[in-house]
Amino acid sequence: MRVALIYKFRFRTIIFFTIFFMLNIISNCQTVIEGEVQSIENETLPGISILVYSDVNSTTIITYAITDEKGKFKLEFTTGSDSVYISTKSLSFKDTLIAVANKVQKIEILLPSQIHEIREVSVKGYPISVRGDTLNYIVNSFAKAKDQSIGDVISHMPGFEVTELGQIYYQGKPIQKYYIEGLDLLENRYSIANRNLPHKSVSSVEVLQNHQPLKILENKIASDGTSLNIKLKNDVAVTGTLSAGAGFSPFLHDVNLTPMLFHKKQQIIATWQSNNIGDDLNLQHKPITFSMGKLDGFKNRKPELLGISSVTQPQIEKQRYLDNNANLLSYNHLLKLNNNTELKINSSFYHDQIGENGEVSTSYFLDGQTVNITEATENNYFKKSLTTDLTLTQNEKSKYITNKFSINKFWDSEEGLIQTTTNLSQLAETPHFSVANDLDILLPVKSNFLRLYSFVDYNNSPQKLSFLPGIFNDELNNGEPYLKTTQNVIAQNLVTHNFVQFSLRRKQFIFETESGVKFEDQHFKTFIEKDEVAISADSLNNQLDWKYTELYFNETIKLEKEDFIISLKIPIKTAFYNIDDKFHNAPESIKNIFVTPSLYFKYEINSFLTSRVSAKYNSQLGDVRTLAEGYVFSSYRFLKKGIDQLSEKNSFRYQVGLEYKNPISGFFSTFSWVSNRSKNNLLLKQQVSNNGFLFFDIIEKDNHSFMDNLSIKVSQYLSDWRATIDLKGFYNKNKKEYLLNDELGWSVNRVYTLQPGISVNRWKNVDLEYSFNYQLIKQESVQTNISVIEQKHKGSIFVTPIKRHLIGADFEYYKTHQTGQDNFSLFFANLSYHFKPKKGKLKFKLKVNNIFNQNEFVRFYNSDISLTKSSYQIRPRQFMATVFVGL
């Protein structure tokens, strides 16, 4: 074992030293040319494009730069040529080409005036332009005839990715801000604008690289975040979406009333949407939270403690299967009190009823036998929630102050029927309430900065899950049948986080010292009722009350230069738990000290290529709720309990990334390798009975898990063809230990993914799109060895045969092959017709979805111990007629 660890350490060491060695070689081979551009009247010229070519006849750009406000520029490149050619381009000065030696030097360029006439519709500009750290995408260059919203167009732009959840990624990283005309109206709910702001109201999309959203830190402390700014057309003040549609089968409706007002002093986006056509409105309701520029998931959101047994959703377009009846009402208003102060309200109410029908067949692989369970499920989910944020922000050069007050209320419930050998009804009530306040203050102290932060959050989640007739007869009622079983879980907590941070800058070094305290007052209670009478047995009850206090000190040292940043973080924290266990023997107190250092390195090799390397050690304690030693059931077949010891997880994470972007040629690519090695002192013990019941215990045993992920993304825009070509490749390997029926084993999962795609608008009247997703899944364990191949083909063609008439067809084809199972394939197709009259603001659309009336999607899922076949009922053929009104 020791030899293996030494080998792994040496292997990682070799990788990192090789990477740094290669970067060092690249940097040493670079040529750096600095210069200044002036007019012949000796005036400095900002905004001049500087392009570098290896040959006088070459069309391939080696690197580029834009002159700053002083007319200065800096070029960094690597080429084997003895000389290079530098070209200048501007609308007001003569285009110039000069030859210079390929060596480090400083040059001065003088440009004579020459006005380039721009004849009407005769000049074709670059679809992507660059000015400093800002990239500008011209919307008309990427829009297609079928596109409605700005989000539709962004999804075609090279370098961008819009996920099914509505999150926007640029060069593999989530954006930190979504501005509209420089204002952050929606914050973490930007899906509302992205899906409803008409792209014809937008002139361009600005990508703000290395964007520092705090004015007090501009040009003082670097930022690695990327933000978007939506630039509207000059005449746009009121816009939005207004549409109404109806159809059948059954009766269908789709209403969207989303007016938008954009003004220098205020912005408003309000929406009322209602549909039962499978459009998930929850994606515009739930916020995505970014903290310190990182995607943290959902903050102050409802914990899913209990829920009915569900059918795994198929990996197809959500509108194919979502059986909803949804309503969304949202109001977002930003008011500028002065140039630097904003008051903002973001409020959203969501109501939905979702139906789910399917069949699940699960096979558990045990030594010498296989246990098979088949369930037909009919479920209904009732979703109702209200979220409101009130934010006051003062963002100016002398200080930054923001305070956000949030209220979240959920009235969710679920009901379902499971048909096995008998019928079993299930009912869940999962309400939740939270109220929070988030205060952040940043003040200057001479040339340094002082930050004060305070966050307070109260949560209450009384949830219950019931089954009729009663379940676990042997364990709860001496083998006798009874009417009803109810599992109750009540979770309450008060959480607060406060810290003081002081930033000190000395030349190129930044020292950040942060000292803070986190405090949690937690209450967790579970009990089981039999025929609405609580069972008093200690083995079926839990009541854990604990107070958690964390004192921490975090020292960060940064070295910032023009082309690289090195950051070393050394967090030291002491964690205290005081625990009161009413029924069992959880430890009364726990104390641990953790040191979790991390290292980050960013190097801009040249204007096109950026590298990132990071390494982090993490050590943390598990959730105190795992100390609950009383049994808790989460379905009619799953019964679990905890252990009187808190888990401790130690992990090493390494990441290497490369980003290449050449906006002028339209080429973007990213490479990322992530490796994670973890050790945990507790192991989940799984016990499967002959009737398919699962019992989960936790035992004390060191166990390990390993994760490796490799991803490559390439995007090329061909301006002559108005085409975007994408290629994505992923490799993921997960290896971990597991314990099944007292037998220890290793589970290894490997996933290989290839995703090419193309979008073409070469011909004036034809738009084409096609994408292919190939995925190979291999799973190995003691009990099974399974291979799965999944394919997805997706394409569309839209034709404008006559002006103002648009005809479109789109399709999806799915195919699955799994070891020992029959092949499964499914073909979907849609047809649509769009018409815009010559006069007026009306547009009409007729659409037929699921022409071939496919009604079921089948997929196989694997775990360490089982194989599950899921058959999910999907939406039938439907006809829709929709009217759009331009605002």
# chains A, B, ... in the order shown; residues from 1 in each chain; ligands from 1
call {"tool": "residues_around", "arguments": {"residues": "segment 34-49 of chain A", "least_positions_apart": "3", "cutoff": "10 Å", "atoms": "only C-alpha atoms", "output": "ChimeraX atom specification"}}
result
/A:31,64-76,87-93,95,104-113,129-132
call {"tool": "select_by_dssp", "arguments": {"residues": "segment 153-352 of chain A", "states": "helix (DSSP H, G or I)", "output": "list in words"}}
result
Val153, Ile154, Glu187, Asn188, Arg189, Ser191, Ile192, Ala193, Asn194, Arg195, Asn196, His199, Lys200, Ser201, Lys215, Ile216, Leu217, Leu281, Asn282, Leu283, Gln284, Lys318, Gln319 and Arg320 of chain A
call {"tool": "select_by_dssp", "arguments": {"residues": "segment 622-683 of chain A", "states": "strand (DSSP E or B)", "output": "mmCIF file with N, CA, C and O atoms, in the first residue's frame"}}
result
data_model
loop_
_atom_site.group_PDB
_atom_site.id
_atom_site.type_symbol
_atom_site.label_atom_id
_atom_site.label_comp_id
_atom_site.auth_asym_id
_atom_site.auth_seq_id
_atom_site.Cartn_x
_atom_site.Cartn_y
_atom_site.Cartn_z
ATOM 1 N N VAL A 632 -34.929 5.471 10.168
ATOM 2 C CA VAL A 632 -35.738 6.409 9.392
ATOM 3 C C VAL A 632 -35.992 5.769 8.039
ATOM 4 O O VAL A 632 -35.062 5.241 7.418
ATOM 5 N N PHE A 633 -37.252 5.782 7.567
ATOM 6 C CA PHE A 633 -37.492 5.239 6.228
ATOM 7 C C PHE A 633 -37.750 6.377 5.249
ATOM 8 O O PHE A 633 -38.376 7.380 5.581
ATOM 9 N N PHE A 638 -36.862 1.207 1.889
ATOM 10 C CA PHE A 638 -35.571 1.679 2.377
ATOM 11 C C PHE A 638 -35.679 2.057 3.849
ATOM 12 O O PHE A 638 -36.484 2.906 4.230
ATOM 13 N N LEU A 639 -34.853 1.446 4.672
ATOM 14 C CA LEU A 639 -34.797 1.737 6.094
ATOM 15 C C LEU A 639 -33.334 1.962 6.463
ATOM 16 O O LEU A 639 -32.475 1.126 6.148
ATOM 17 N N LYS A 640 -33.030 3.083 7.080
ATOM 18 C CA LYS A 640 -31.637 3.404 7.370
ATOM 19 C C LYS A 640 -31.489 3.992 8.764
ATOM 20 O O LYS A 640 -32.436 4.507 9.357
ATOM 21 N N GLU A 648 -15.381 11.765 8.946
ATOM 22 C CA GLU A 648 -14.334 12.720 8.618
ATOM 23 C C GLU A 648 -13.789 12.375 7.243
ATOM 24 O O GLU A 648 -13.352 11.258 6.994
ATOM 25 N N LYS A 649 -13.827 13.340 6.365
ATOM 26 C CA LYS A 649 -13.411 13.124 4.976
ATOM 27 C C LYS A 649 -12.211 13.999 4.658
ATOM 28 O O LYS A 649 -12.222 15.202 4.917
ATOM 29 N N ASN A 650 -11.172 13.384 4.133
ATOM 30 C CA ASN A 650 -9.976 14.099 3.704
ATOM 31 C C ASN A 650 -9.809 13.888 2.206
ATOM 32 O O ASN A 650 -9.955 12.768 1.712
ATOM 33 N N SER A 651 -9.475 14.945 1.496
ATOM 34 C CA SER A 651 -9.379 14.822 0.049
ATOM 35 C C SER A 651 -8.314 15.755 -0.507
ATOM 36 O O SER A 651 -8.016 16.806 0.071
ATOM 37 N N PHE A 652 -7.733 15.334 -1.637
ATOM 38 C CA PHE A 652 -6.831 16.154 -2.436
ATOM 39 C C PHE A 652 -7.490 16.363 -3.798
ATOM 40 O O PHE A 652 -7.965 15.413 -4.412
ATOM 41 N N ARG A 653 -7.466 17.603 -4.248
ATOM 42 C CA ARG A 653 -8.051 17.924 -5.547
ATOM 43 C C ARG A 653 -7.022 18.687 -6.371
ATOM 44 O O ARG A 653 -6.422 19.665 -5.904
ATOM 45 N N TYR A 654 -6.831 18.241 -7.611
ATOM 46 C CA TYR A 654 -5.895 18.880 -8.527
ATOM 47 C C TYR A 654 -6.646 19.240 -9.802
ATOM 48 O O TYR A 654 -7.504 18.491 -10.251
ATOM 49 N N GLN A 655 -6.289 20.376 -10.359
ATOM 50 C CA GLN A 655 -6.958 20.806 -11.588
ATOM 51 C C GLN A 655 -5.981 21.556 -12.484
ATOM 52 O O GLN A 655 -5.210 22.397 -12.025
ATOM 53 N N VAL A 656 -6.025 21.217 -13.767
ATOM 54 C CA VAL A 656 -5.212 21.883 -14.774
ATOM 55 C C VAL A 656 -6.144 22.308 -15.904
ATOM 56 O O VAL A 656 -6.967 21.515 -16.366
ATOM 57 N N GLY A 657 -6.044 23.541 -16.335
ATOM 58 C CA GLY A 657 -6.903 24.023 -17.399
ATOM 59 C C GLY A 657 -6.153 24.899 -18.385
ATOM 60 O O GLY A 657 -5.212 25.610 -18.019
ATOM 61 N N LEU A 658 -6.551 24.830 -19.646
ATOM 62 C CA LEU A 658 -6.024 25.691 -20.695
ATOM 63 C C LEU A 658 -7.205 26.299 -21.446
ATOM 64 O O LEU A 658 -8.171 25.591 -21.739
ATOM 65 N N GLU A 659 -7.122 27.574 -21.734
ATOM 66 C CA GLU A 659 -8.153 28.252 -22.510
ATOM 67 C C GLU A 659 -7.494 28.960 -23.687
ATOM 68 O O GLU A 659 -6.510 29.685 -23.517
ATOM 69 N N TYR A 660 -8.050 28.728 -24.870
ATOM 70 C CA TYR A 660 -7.553 29.408 -26.065
ATOM 71 C C TYR A 660 -8.728 30.118 -26.712
ATOM 72 O O TYR A 660 -9.791 29.533 -26.906
ATOM 73 N N LYS A 661 -8.528 31.375 -27.047
ATOM 74 C CA LYS A 661 -9.582 32.117 -27.740
ATOM 75 C C LYS A 661 -8.958 33.095 -28.714
ATOM 76 O O LYS A 661 -8.019 33.824 -28.393
ATOM 77 N N ASN A 662 -9.479 33.068 -29.913
ATOM 78 C CA ASN A 662 -9.085 34.016 -30.954
ATOM 79 C C ASN A 662 -10.377 34.580 -31.533
ATOM 80 O O ASN A 662 -10.942 34.034 -32.484
ATOM 81 N N PHE A 667 -12.268 31.266 -33.100
ATOM 82 C CA PHE A 667 -11.908 29.952 -32.556
ATOM 83 C C PHE A 667 -11.781 30.038 -31.040
ATOM 84 O O PHE A 667 -11.064 30.881 -30.509
ATOM 85 N N PHE A 668 -12.482 29.119 -30.343
ATOM 86 C CA PHE A 668 -12.461 29.067 -28.887
ATOM 87 C C PHE A 668 -12.285 27.611 -28.460
ATOM 88 O O PHE A 668 -12.886 26.710 -29.055
ATOM 89 N N SER A 669 -11.493 27.390 -27.433
ATOM 90 C CA SER A 669 -11.328 26.021 -26.942
ATOM 91 C C SER A 669 -10.921 26.038 -25.479
ATOM 92 O O SER A 669 -10.309 27.004 -24.997
ATOM 93 N N THR A 670 -11.269 24.967 -24.772
ATOM 94 C CA THR A 670 -10.865 24.789 -23.384
ATOM 95 C C THR A 670 -10.452 23.344 -23.156
ATOM 96 O O THR A 670 -10.978 22.420 -23.795
ATOM 97 N N PHE A 671 -9.507 23.184 -22.262
ATOM 98 C CA PHE A 671 -9.063 21.854 -21.834
ATOM 99 C C PHE A 671 -9.033 21.858 -20.316
ATOM 100 O O PHE A 671 -8.563 22.814 -19.687
ATOM 101 N N SER A 672 -9.534 20.780 -19.708
ATOM 102 C CA SER A 672 -9.561 20.708 -18.252
ATOM 103 C C SER A 672 -9.324 19.276 -17.789
ATOM 104 O O SER A 672 -9.892 18.327 -18.354
ATOM 105 N N TRP A 673 -8.456 19.150 -16.806
ATOM 106 C CA TRP A 673 -8.241 17.849 -16.135
ATOM 107 C C TRP A 673 -8.417 18.069 -14.647
ATOM 108 O O TRP A 673 -7.803 18.957 -14.051
ATOM 109 N N VAL A 674 -9.273 17.253 -14.029
ATOM 110 C CA VAL A 674 -9.549 17.337 -12.596
ATOM 111 C C VAL A 674 -9.351 15.960 -11.986
ATOM 112 O O VAL A 674 -9.835 14.953 -12.524
ATOM 113 N N SER A 675 -8.649 15.918 -10.874
ATOM 114 C CA SER A 675 -8.423 14.658 -10.172
ATOM 115 C C SER A 675 -8.711 14.867 -8.692
ATOM 116 O O SER A 675 -8.294 15.886 -8.110
ATOM 117 N N ASN A 676 -9.429 13.926 -8.102
ATOM 118 C CA ASN A 676 -9.791 14.024 -6.691
ATOM 119 C C ASN A 676 -9.544 12.681 -6.012
ATOM 120 O O ASN A 676 -9.953 11.632 -6.520
ATOM 121 N N ARG A 677 -8.868 12.717 -4.873
ATOM 122 C CA ARG A 677 -8.578 11.520 -4.080
ATOM 123 C C ARG A 677 -9.112 11.749 -2.675
ATOM 124 O O ARG A 677 -8.730 12.707 -2.005
ATOM 125 N N SER A 678 -10.024 10.860 -2.215
ATOM 126 C CA SER A 678 -10.698 11.074 -0.941
ATOM 127 C C SER A 678 -10.571 9.858 -0.035
ATOM 128 O O SER A 678 -10.491 8.717 -0.514
ATOM 129 N N LYS A 679 -10.572 10.137 1.254
ATOM 130 C CA LYS A 679 -10.580 9.087 2.273
ATOM 131 C C LYS A 679 -11.635 9.426 3.304
ATOM 132 O O LYS A 679 -11.727 10.558 3.773
ATOM 133 N N ASN A 680 -12.470 8.440 3.655
ATOM 134 C CA ASN A 680 -13.540 8.626 4.619
ATOM 135 C C ASN A 680 -13.421 7.554 5.684
ATOM 136 O O ASN A 680 -13.087 6.400 5.385
ATOM 137 N N ASN A 681 -13.707 7.921 6.936
ATOM 138 C CA ASN A 681 -13.574 6.946 8.026
ATOM 139 C C ASN A 681 -14.832 6.114 8.249
ATOM 140 O O ASN A 681 -14.807 5.148 9.014
ATOM 141 N N LEU A 682 -15.937 6.468 7.582
ATOM 142 C CA LEU A 682 -17.182 5.718 7.724
ATOM 143 C C LEU A 682 -17.621 5.186 6.369
ATOM 144 O O LEU A 682 -17.435 5.839 5.339
ATOM 145 N N LEU A 683 -18.239 3.987 6.382
ATOM 146 C CA LEU A 683 -18.656 3.325 5.143
ATOM 147 C C LEU A 683 -20.134 2.944 5.246
ATOM 148 O O LEU A 683 -20.586 2.448 6.279
#
call {"tool": "atom_distance", "arguments": {"atom1": "atom CA of Leu334 of chain A", "atom2": "atom CA of Asn229 of chain A"}}
result
16.0 Å
call {"tool": "closest_residue", "arguments": {"among": "A:Ala193, A:Ile490, A:Val751, A:Ala326", "to": "Leu776 of chain A", "atoms": "only C-alpha atoms"}}
result
A:Val751
call {"tool": "residues_around", "arguments": {"residues": "Gly247 of chain A", "least_positions_apart": "6", "cutoff": "10 Å", "atoms": "only C-alpha atoms", "output": "CSV table (one decimal) with N, CA, C and O atoms, in the first residue's frame"}}
result
chain,number,residue,atom,x,y,z
A,253,HIS,N,-52.8,24.9,-23.1
A,253,HIS,CA,-52.7,26.4,-23.2
A,253,HIS,C,-51.3,26.8,-22.9
A,253,HIS,O,-50.5,26.1,-22.2
A,254,ASP,N,-50.9,27.9,-23.4
A,254,ASP,CA,-49.6,28.5,-23.2
A,254,ASP,C,-49.7,30.0,-23.3
A,254,ASP,O,-49.9,30.6,-24.4
A,277,ILE,N,-47.9,22.6,-21.4
A,277,ILE,CA,-47.3,22.0,-22.6
A,277,ILE,C,-46.0,21.4,-22.3
A,277,ILE,O,-45.3,21.0,-23.2
A,846,LEU,N,-48.0,27.8,-36.0
A,846,LEU,CA,-48.7,26.5,-35.8
A,846,LEU,C,-47.7,25.4,-35.7
A,846,LEU,O,-46.7,25.4,-36.4
A,847,LYS,N,-47.9,24.5,-34.7
A,847,LYS,CA,-46.9,23.5,-34.4
A,847,LYS,C,-47.5,22.2,-34.1
A,847,LYS,O,-48.5,22.1,-33.4
A,848,VAL,N,-46.9,21.1,-34.6
A,848,VAL,CA,-47.3,19.7,-34.2
A,848,VAL,C,-46.1,19.1,-33.6
A,848,VAL,O,-45.0,19.0,-34.2
A,878,GLN,N,-49.3,16.5,-30.0
A,878,GLN,CA,-50.1,17.6,-29.6
A,878,GLN,C,-50.0,18.7,-30.7
A,878,GLN,O,-49.0,18.9,-31.3
A,879,PHE,N,-51.1,19.4,-30.8
A,879,PHE,CA,-51.2,20.5,-31.9
A,879,PHE,C,-51.4,21.8,-31.1
A,879,PHE,O,-52.2,21.9,-30.2
A,880,MET,N,-50.6,22.8,-31.6
A,880,MET,CA,-50.7,24.1,-30.9
A,880,MET,C,-50.7,25.2,-31.9
A,880,MET,O,-50.1,25.2,-33.0
A,881,ALA,N,-51.6,26.3,-31.6
A,881,ALA,CA,-51.6,27.5,-32.4
A,881,ALA,C,-51.3,28.7,-31.4
A,881,ALA,O,-51.9,28.8,-30.4
A,882,THR,N,-50.4,29.5,-31.8
A,882,THR,CA,-49.9,30.6,-30.9
A,882,THR,C,-49.8,31.9,-31.7
A,882,THR,O,-49.5,31.9,-32.8
call {"tool": "atom_distance", "arguments": {"atom1": "atom CA of Arg722 of chain A", "atom2": "atom CA of Ala145 of chain A"}}
result
12.8 Å
call {"tool": "residues_around", "arguments": {"residues": "Lys146 of chain A", "least_positions_apart": "2", "cutoff": "10 Å", "atoms": "only C-alpha atoms", "output": "MDAnalysis selection string"}}
result
chainID A and resid 143:144 148:149 152:153 767 797:799 806:808 832 834
call {"tool": "atom_distance", "arguments": {"atom1": "atom CA of Tyr814 of chain A", "atom2": "atom CA of Phe828 of chain A"}}
result
8.7 Å
call {"tool": "residues_around", "arguments": {"residues": "Ile579 of chain A", "least_positions_apart": "3", "cutoff": "9 Å", "atoms": "only C-alpha atoms", "output": "PyMOL selection string"}}
result
chain A and resi 544-548+586-590+624
